[in-house]
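Asker: This is the content of upload-v3.cif (mmCIF, C-alpha atoms):
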data_model
loop_
_atom_site.label_atom_id
_atom_site.label_comp_id
_atom_site.auth_asym_id
_atom_site.auth_seq_id
_atom_site.Cartn_x
_atom_site.Cartn_y
_atom_site.Cartn_z
CA MET A 1 101.87 73.27 82.08
CA LEU A 2 104.70 75.64 83.01
CA ILE A 3 105.42 77.86 79.99
CA GLU A 4 108.78 78.97 81.42
CA PRO A 5 109.60 76.96 84.55
CA ARG A 6 111.96 78.48 87.09
CA SER A 7 114.01 75.30 86.91
CA GLY A 8 114.54 75.99 83.21
CA ARG A 9 115.86 79.49 83.87
CA LEU A 10 118.14 78.24 86.65
CA ALA A 11 119.54 75.40 84.54
CA ALA A 12 120.02 77.48 81.37
CA TRP A 13 121.69 80.48 82.99
CA GLY A 14 123.50 78.31 85.52
CA ASN A 15 125.03 76.35 82.65
CA ALA A 16 126.07 79.57 80.92
CA LEU A 17 127.68 80.75 84.16
CA LEU A 18 129.50 77.46 84.72
CA ALA A 19 130.83 77.69 81.15
CA GLY A 20 132.08 81.25 81.72
CA LEU A 21 129.74 82.68 79.07
CA VAL A 22 127.96 85.14 81.39
CA SER A 23 128.82 86.98 84.59
CA PRO A 24 127.37 85.94 87.97
CA ASP A 25 125.27 89.12 88.08
CA GLU A 26 123.82 88.51 84.60
CA ALA A 27 123.03 84.89 85.43
CA VAL A 28 121.30 85.71 88.71
CA LEU A 29 119.26 88.57 87.22
CA SER A 30 118.07 86.27 84.44
CA VAL A 31 117.17 83.44 86.83
CA VAL A 32 115.30 85.67 89.29
CA GLY A 33 113.34 87.44 86.55
CA GLU A 34 110.28 89.14 87.99
CA ASP A 35 110.60 87.38 91.36
CA ALA A 36 111.85 89.38 94.34
CA VAL A 37 114.60 87.08 95.55
CA HIS A 38 115.99 83.55 95.19
CA ARG A 39 117.96 81.76 97.89
CA VAL A 40 119.51 78.30 98.21
CA ALA A 41 119.03 76.21 101.37
CA GLY A 42 120.66 72.96 102.44
CA LEU A 43 123.94 73.40 100.60
CA PRO A 44 126.77 71.26 101.99
CA GLY A 45 129.08 73.48 104.00
CA GLU A 46 126.47 76.18 104.61
CA SER A 47 124.60 76.48 107.92
CA GLY A 48 121.60 78.30 106.44
CA PRO A 49 120.11 79.71 103.23
CA VAL A 50 122.43 81.77 101.03
CA GLY A 51 121.90 84.11 98.12
CA LEU A 52 121.75 82.70 94.62
CA THR A 53 125.13 84.14 93.60
CA LEU A 54 126.87 82.46 96.52
CA GLY A 55 124.78 79.32 96.01
CA LEU A 56 125.86 78.91 92.38
CA GLY A 57 129.48 79.54 93.37
CA ARG A 58 129.23 76.92 96.10
CA LEU A 59 127.80 74.38 93.65
CA ARG A 60 130.76 74.98 91.34
CA ALA A 61 133.14 74.46 94.26
CA LEU A 62 131.37 71.20 95.09
CA GLY A 63 132.18 69.89 91.61
CA VAL A 64 128.99 70.72 89.72
CA THR A 65 129.73 70.96 86.00
CA GLY A 66 126.21 71.21 84.58
CA LEU A 67 122.51 71.51 85.41
CA ARG A 68 119.62 69.48 84.02
CA VAL A 69 115.86 70.10 84.29
CA ALA A 70 113.17 67.70 85.50
CA LEU A 71 109.46 68.41 84.91
CA PRO A 72 107.68 65.46 86.54
CA ALA A 73 103.94 64.85 86.64
CA PRO A 74 101.90 62.09 88.32
CA GLY A 75 102.88 58.80 86.70
CA HIS A 76 105.64 60.46 84.67
CA PRO A 77 108.96 61.07 86.54
CA LEU A 78 110.35 63.06 83.61
CA GLY A 79 114.01 63.93 84.13
CA LEU A 80 114.32 62.38 87.59
CA SER A 81 116.74 59.69 88.73
CA GLY A 82 115.85 59.25 92.42
CA PRO A 83 116.00 58.68 95.28
CA PRO A 84 112.28 58.52 96.16
CA GLU A 85 112.55 61.38 98.67
CA PHE A 86 113.88 63.78 96.04
CA ASN A 87 111.43 62.54 93.42
CA ALA A 88 108.50 63.14 95.78
CA LYS A 89 109.53 66.74 96.48
CA ALA A 90 110.15 67.39 92.78
CA LEU A 91 106.75 65.95 91.89
CA GLU A 92 105.07 68.19 94.47
CA ALA A 93 106.81 71.25 92.99
CA GLU A 94 106.29 69.93 89.42
CA GLU A 95 109.91 70.81 88.62
CA ALA A 96 113.50 70.42 89.78
CA VAL A 97 117.12 70.91 88.75
CA VAL A 98 119.52 67.96 88.84
CA CYS A 99 123.26 68.63 89.00
CA THR A 100 125.93 66.81 87.04
CA GLY A 101 129.37 66.36 88.59
CA ALA A 102 127.91 66.16 92.11
CA ALA A 103 125.01 64.08 93.41
CA LEU A 104 122.81 67.05 94.26
CA GLY A 105 119.44 68.39 93.15
CA LEU A 106 117.46 71.58 93.71
CA VAL A 107 113.70 71.83 94.26
CA PRO A 108 112.01 75.26 94.39
CA GLU A 109 109.65 76.38 97.13
CA VAL A 110 107.71 79.46 96.01
CA SER A 111 106.16 81.91 98.48
CA GLU A 112 103.90 84.86 97.69
CA ALA A 113 102.97 87.80 99.90
CA GLY A 114 101.23 91.12 99.41
CA PRO A 115 98.00 92.41 97.84
CA ALA A 116 96.85 91.70 94.31
CA GLY A 117 98.88 93.73 91.86
CA ASP A 118 101.81 94.05 94.25
CA VAL A 119 102.69 90.43 95.01
CA HIS A 120 106.15 89.75 96.42
CA VAL A 121 107.44 86.38 95.18
CA SER A 122 110.38 84.69 96.86
CA VAL A 123 111.91 81.33 95.98
CA VAL A 124 113.98 78.99 98.12
CA TRP A 125 115.84 76.27 96.25
CA HIS A 126 116.20 73.27 98.56
CA CYS A 127 119.41 71.36 97.88
CA LEU A 128 119.01 67.62 98.37
CA PRO A 129 120.97 64.45 97.52
CA VAL A 130 120.11 62.70 94.25
CA ARG A 131 121.00 59.37 92.73
CA GLU A 132 123.62 59.46 90.00
CA ALA A 133 121.78 57.65 87.22
CA PRO A 134 120.37 58.45 83.76
CA PRO A 135 117.31 60.75 83.97
CA ALA A 136 113.93 59.21 83.20
CA ASP A 137 112.31 59.50 79.75
CA VAL A 138 114.29 62.43 78.33
CA PRO A 139 114.31 62.39 74.49
CA SER A 140 116.95 63.75 72.17
CA LEU A 141 116.29 67.10 70.53
CA GLY A 142 115.52 65.38 67.24
CA GLU A 143 113.01 63.03 68.86
CA ALA A 144 111.40 65.91 70.75
CA GLU A 145 111.00 67.99 67.60
CA ARG A 146 109.36 65.14 65.69
CA GLU A 147 107.06 64.28 68.61
CA LEU A 148 105.95 67.91 68.94
CA ALA A 149 105.09 68.24 65.26
CA GLU A 150 103.09 65.01 65.26
CA ALA A 151 101.28 65.72 68.55
CA LEU A 152 100.38 69.27 67.55
CA ARG A 153 99.00 68.14 64.20
CA ASP A 154 96.89 65.35 65.72
CA ALA A 155 95.59 67.48 68.58
CA THR A 156 94.68 70.39 66.30
CA VAL A 157 92.45 68.10 64.23
CA VAL A 158 90.63 66.84 67.33
CA LEU A 159 90.32 70.25 69.05
CA THR A 160 89.04 71.92 65.89
CA ARG A 161 86.42 69.19 65.43
CA LEU A 162 85.28 69.68 69.03
CA ASP A 163 85.23 73.48 68.66
CA VAL A 164 87.61 74.01 71.56
CA ALA A 165 88.44 77.65 72.24
CA ALA A 166 92.20 77.11 71.98
CA SER A 167 91.92 76.12 68.32
CA GLY A 168 90.37 79.37 67.04
CA PRO A 169 90.80 83.16 66.96
CA VAL A 170 91.19 83.47 70.75
CA ALA A 171 94.19 81.18 70.56
CA GLU A 172 95.72 83.14 67.70
CA ALA A 173 95.34 86.42 69.62
CA ALA A 174 97.02 84.94 72.67
CA LEU A 175 99.81 83.50 70.55
CA ASP A 176 100.35 86.90 68.92
CA ALA A 177 100.67 88.46 72.37
CA TYR A 178 103.07 85.70 73.40
CA ARG A 179 105.24 86.31 70.34
CA ALA A 180 105.21 90.07 71.00
CA ARG A 181 106.48 89.52 74.53
CA ALA A 182 109.21 87.23 73.21
CA GLU A 183 110.28 89.78 70.60
CA ALA A 184 110.41 92.50 73.28
CA GLY A 185 113.72 91.08 74.53
CA ARG A 186 113.12 87.82 76.40
CA GLU A 187 115.90 85.38 75.65
CA VAL A 188 114.51 81.90 75.08
CA LEU A 189 117.72 80.24 76.26
CA ALA A 190 121.03 81.39 77.67
CA PRO A 191 124.23 81.76 75.62
CA GLY A 192 125.90 78.49 74.67
CA TYR A 193 122.80 76.56 73.65
CA PRO A 194 122.54 75.16 70.11
CA PRO A 195 120.01 76.82 67.76
CA ARG A 196 117.99 73.61 67.55
CA ALA A 197 117.42 73.70 71.32
CA VAL A 198 116.04 77.25 71.00
CA ARG A 199 113.73 76.14 68.18
CA VAL A 200 112.46 73.11 70.12
CA LEU A 201 111.89 75.14 73.28
CA GLU A 202 109.97 77.86 71.42
CA LEU A 203 107.70 75.25 69.86
CA ALA A 204 107.24 73.42 73.17
CA GLN A 205 106.27 76.68 74.89
CA ARG A 206 103.81 77.48 72.10
CA VAL A 207 102.25 74.04 72.41
CA GLY A 208 102.13 74.39 76.20
CA LEU A 209 100.29 77.69 75.83
CA LEU A 210 97.70 76.07 73.56
CA VAL A 211 97.17 73.27 76.08
CA ASP A 212 96.72 75.76 78.92
CA MET A 213 94.22 77.77 76.89
CA ALA A 214 92.24 74.67 75.98
CA TYR A 215 91.87 73.87 79.67
CA GLU A 216 91.23 77.45 80.84
CA HIS A 217 88.69 78.70 78.27
CA GLY A 218 85.83 76.38 79.08
CA HIS A 219 84.57 73.56 76.92
CA GLY A 220 84.03 75.43 73.66
CA GLY A 221 81.54 73.38 71.70
CA ALA A 222 82.41 70.17 73.57
CA VAL A 223 79.20 70.05 75.57
CA SER A 224 78.66 66.31 75.87
CA ALA A 225 80.53 64.11 78.31
CA SER A 226 81.94 62.04 75.47
CA GLU A 227 83.24 65.13 73.66
CA MET A 228 84.80 66.49 76.86
CA GLN A 229 86.49 63.15 77.37
CA ALA A 230 87.74 63.21 73.78
CA ARG A 231 89.24 66.62 74.39
CA ALA A 232 91.03 65.41 77.52
CA VAL A 233 92.33 62.38 75.64
CA ALA A 234 93.62 64.64 72.86
CA LEU A 235 95.34 67.07 75.23
CA ARG A 236 96.98 64.59 77.60
CA PRO A 237 99.62 63.24 75.20
CA VAL A 238 100.27 66.72 73.79
CA GLU A 239 100.99 68.08 77.26
CA ARG A 240 103.31 65.14 77.95
CA VAL A 241 105.18 65.65 74.67
CA ALA A 242 105.56 69.39 75.34
CA ARG A 243 107.05 68.72 78.77
CA ARG A 244 109.45 66.15 77.29
CA ALA A 245 110.52 68.65 74.65
CA GLN A 246 111.12 71.39 77.21
CA VAL A 247 113.36 69.09 79.23
CA ALA A 248 115.25 68.02 76.09
CA ALA A 249 115.85 71.68 75.15
CA TYR A 250 116.99 72.83 78.59
CA ASN A 251 119.25 69.77 78.94
CA ALA A 252 120.76 70.10 75.47
CA TYR A 253 123.78 72.05 76.68
CA VAL A 254 124.83 69.33 79.12
CA GLU A 255 124.02 66.55 76.67
CA ASP A 256 126.10 68.18 73.92
CA ARG A 257 129.04 68.72 76.24
CA GLU A 258 128.98 65.14 77.50
CA ARG A 259 128.84 63.77 73.93
CA GLY A 260 131.65 66.05 72.76
#
Turn the structure described in the file into structure tokens.
Answerer:
Amino acid sequence: MLIEPRSGRLAAWGNALLAGLVSPDEAVLSVVGEDAVHRVAGLPGESGPVGLTLGLGRLRALGVTGLRVALPAPGHPLGLSGPPEFNAKALEAEEAVVCTGAALGLVPEVSEAGPAGDVHVSVVWHCLPVREAPPADVPSLGEAERELAEALRDATVVLTRLDVAASGPVAEAALDAYRARAEAGREVLAPGYPPRAVRVLELAQRVGLLVDMAYEHGHGGAVSASEMQARAVALRPVERVARRAQVAAYNAYVEDRERG
């Protein structure tokens, strides 16, 4: 589960840039984050990869008016609309950005180099044609918020009964650290997003962190095969709901603009 997918940062800050709410420099710095560099390859009219600032400007010139997020998983093409070639690349990357206003999509390729503790991360966004059609399985913000609350409640009951590590003090300590990082200045979404989208994304990221911890901290007290299976059954729909909610939050800006 990606707590803050690169596609989310690109879509959120790209939308703010397209709306004139932030400068190109501010948008690019926010998208790149702790990575070393982002470039865009395959843009129509460009013979090779270009920097992210130029890439976003070129997308605007090509008619792009908004950016949506896709977070697909096997058997769940969340946020995708085709064609199969684009869907396959997005599924391999586990994320993508789909443009509105032009039939284009962006899939990240992440490269790492350097020793532990000094890793240089570079990202190339591959621009590919997409099908202009409604994205798959994206809920409204209201639906996403209700689904998250229900899934979190149900999963907490099961994980607590199975004594899974992510339901106890270890989880609370990690969540406290997560909240501290957020309060240190990280913006959950870019300017222009409705407050409800921020609230849904924060909850989806919190739920995603719990799912990751449940998978990463061993089996807790779930020592039998049946209990381990019960844990997997409990987590699977929660992870799916959290991904759906993230997509709904990141896409809220475009959805609101198209409705209004």
Asker: Excluding same-chain residues fewer than 6 positions from Arg244 of chain A, what lies within 9 Å of it counting all atoms listed in the file, as a PDB file with C-alpha atoms, in the frame of the given file?
Answerer:
ATOM      1  CA  LEU A  71     109.460  68.410  84.910  1.00  0.00           C
ATOM      2  CA  LEU A  78     110.350  63.060  83.610  1.00  0.00           C
ATOM      3  CA  GLY A  79     114.010  63.930  84.130  1.00  0.00           C
ATOM      4  CA  ASP A 137     112.310  59.500  79.750  1.00  0.00           C
ATOM      5  CA  VAL A 138     114.290  62.430  78.330  1.00  0.00           C
ATOM      6  CA  PRO A 139     114.310  62.390  74.490  1.00  0.00           C
ATOM      7  CA  ALA A 144     111.400  65.910  70.750  1.00  0.00           C
ATOM      8  CA  ALA A 204     107.240  73.420  73.170  1.00  0.00           C
TER       9      ALA A 204
END
Asker: For atom CA of Val28 of chain A and atom CA of Ala249 of chain A, quote the distance in Å rounded to one decimal.
Answerer: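 Computing the Euclidean distance for atom CA of Val28 of chain A and atom CA of Ala249 of chain A yields 20.3 Å.
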Asker: Between A:Leu152, A:Asp256, A:Gly63, A:Leu128, which has the minimum distance to Tyr193 of chain A (counting only C-alpha atoms)?
Answerer: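 Result for the nearest residue to Tyr193 of chain A: A:Asp256.
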Asker: For the structure provided, state which residues fall under the PyMOL selection byres ((chain A and resi 45-57) around 12), and present them as a CSV table (one decimal) with C-alpha atoms, in the frame of the given file.
Answerer:
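Saved as result.csv:
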chain,number,residue,atom,x,y,z
A,10,LEU,CA,118.1,78.2,86.6
A,11,ALA,CA,119.5,75.4,84.5
A,13,TRP,CA,121.7,80.5,83.0
A,14,GLY,CA,123.5,78.3,85.5
A,15,ASN,CA,125.0,76.4,82.6
A,16,ALA,CA,126.1,79.6,80.9
A,17,LEU,CA,127.7,80.8,84.2
A,18,LEU,CA,129.5,77.5,84.7
A,23,SER,CA,128.8,87.0,84.6
A,24,PRO,CA,127.4,85.9,88.0
A,25,ASP,CA,125.3,89.1,88.1
A,26,GLU,CA,123.8,88.5,84.6
A,27,ALA,CA,123.0,84.9,85.4
A,28,VAL,CA,121.3,85.7,88.7
A,29,LEU,CA,119.3,88.6,87.2
A,30,SER,CA,118.1,86.3,84.4
A,31,VAL,CA,117.2,83.4,86.8
A,32,VAL,CA,115.3,85.7,89.3
A,36,ALA,CA,111.8,89.4,94.3
A,37,VAL,CA,114.6,87.1,95.6
A,38,HIS,CA,116.0,83.6,95.2
A,39,ARG,CA,118.0,81.8,97.9
A,40,VAL,CA,119.5,78.3,98.2
A,41,ALA,CA,119.0,76.2,101.4
A,42,GLY,CA,120.7,73.0,102.4
A,43,LEU,CA,123.9,73.4,100.6
A,44,PRO,CA,126.8,71.3,102.0
A,58,ARG,CA,129.2,76.9,96.1
A,59,LEU,CA,127.8,74.4,93.6
A,60,ARG,CA,130.8,75.0,91.3
A,61,ALA,CA,133.1,74.5,94.3
A,62,LEU,CA,131.4,71.2,95.1
A,63,GLY,CA,132.2,69.9,91.6
A,64,VAL,CA,129.0,70.7,89.7
A,65,THR,CA,129.7,71.0,86.0
A,66,GLY,CA,126.2,71.2,84.6
A,67,LEU,CA,122.5,71.5,85.4
A,99,CYS,CA,123.3,68.6,89.0
A,106,LEU,CA,117.5,71.6,93.7
A,122,SER,CA,110.4,84.7,96.9
A,123,VAL,CA,111.9,81.3,96.0
A,124,VAL,CA,114.0,79.0,98.1
A,125,TRP,CA,115.8,76.3,96.2
A,126,HIS,CA,116.2,73.3,98.6
A,127,CYS,CA,119.4,71.4,97.9
Asker: Report, in Å to a single decimal, how far apart atom CA of Val254 of chain A and atom CA of Glu239 of chain A are.
Answerer: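 Separating atom CA of Glu239 of chain A from atom CA of Val254 of chain A is a distance of 23.9 Å.
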Asker: Compare A:Gln229, A:Thr160, A:Gln205, A:Ser140 by their minimum atom-to-atom distance to Ala252 of chain A, counting only C-alpha atoms, and give me the closest one.
Answerer: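 Among A:Gln229, A:Thr160, A:Gln205, A:Ser140, it is A:Ser140 that comes nearest to Ala252 of chain A.
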Asker: If I take atom CA of Ala136 of chain A and atom CA of Ser81 of chain A, how far is one from the other in Å, to one decimal?
Answerer: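 Taking atom CA of Ala136 of chain A as the start and atom CA of Ser81 of chain A as the end point, the length is 6.2 Å.
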Asker: Specify as a tab-separated table (two decimals) with C-alpha atoms, in the frame of the given file each residue included when the PyMOL selection byres ((chain A and resi 69) around 7) is applied to this file.
Answerer:
chain	number	residue	atom	x	y	z
A	7	SER	CA	114.01	75.30	86.91
A	8	GLY	CA	114.54	75.99	83.21
A	11	ALA	CA	119.54	75.40	84.54
A	67	LEU	CA	122.51	71.51	85.41
A	68	ARG	CA	119.62	69.48	84.02
A	70	ALA	CA	113.17	67.70	85.50
A	71	LEU	CA	109.46	68.41	84.91
A	79	GLY	CA	114.01	63.93	84.13
A	96	ALA	CA	113.50	70.42	89.78
A	97	VAL	CA	117.12	70.91	88.75
A	98	VAL	CA	119.52	67.96	88.84
A	247	VAL	CA	113.36	69.09	79.23
A	250	TYR	CA	116.99	72.83	78.59
A	251	ASN	CA	119.25	69.77	78.94
Asker: Once the PyMOL selection byres ((chain A and resi 197) around 9) has been evaluated on this model, what residues remain selected, and can you format them as a PyMOL selection string?
Answerer: chain A and resi 141+189+193-196+198-202+246+248-253
Asker: Looking at only C-alpha atoms, which of A:Asp154, A:Glu132, A:Ala190, A:Val119 is the one that sits closest to Pro237 of chain A?
Answerer: A:Asp154
Asker: From the options A:Arg153, A:Arg257, A:Lys89, A:His120, which residue's atoms come nearest to Pro108 of chain A, counting all atoms listed in the file?
Answerer: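 Nearest candidate to Pro108 of chain A out of A:Arg153, A:Arg257, A:Lys89, A:His120: A:Lys89.
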Asker: Please determine, counting only C-alpha atoms, which residue among A:Asp35, A:Gly142, A:Pro74, A:Leu104 has the shortest atom-to-atom distance to Val121 of chain A.
Answerer: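 With only C-alpha atoms as the atom set, the closest residue is A:Asp35.
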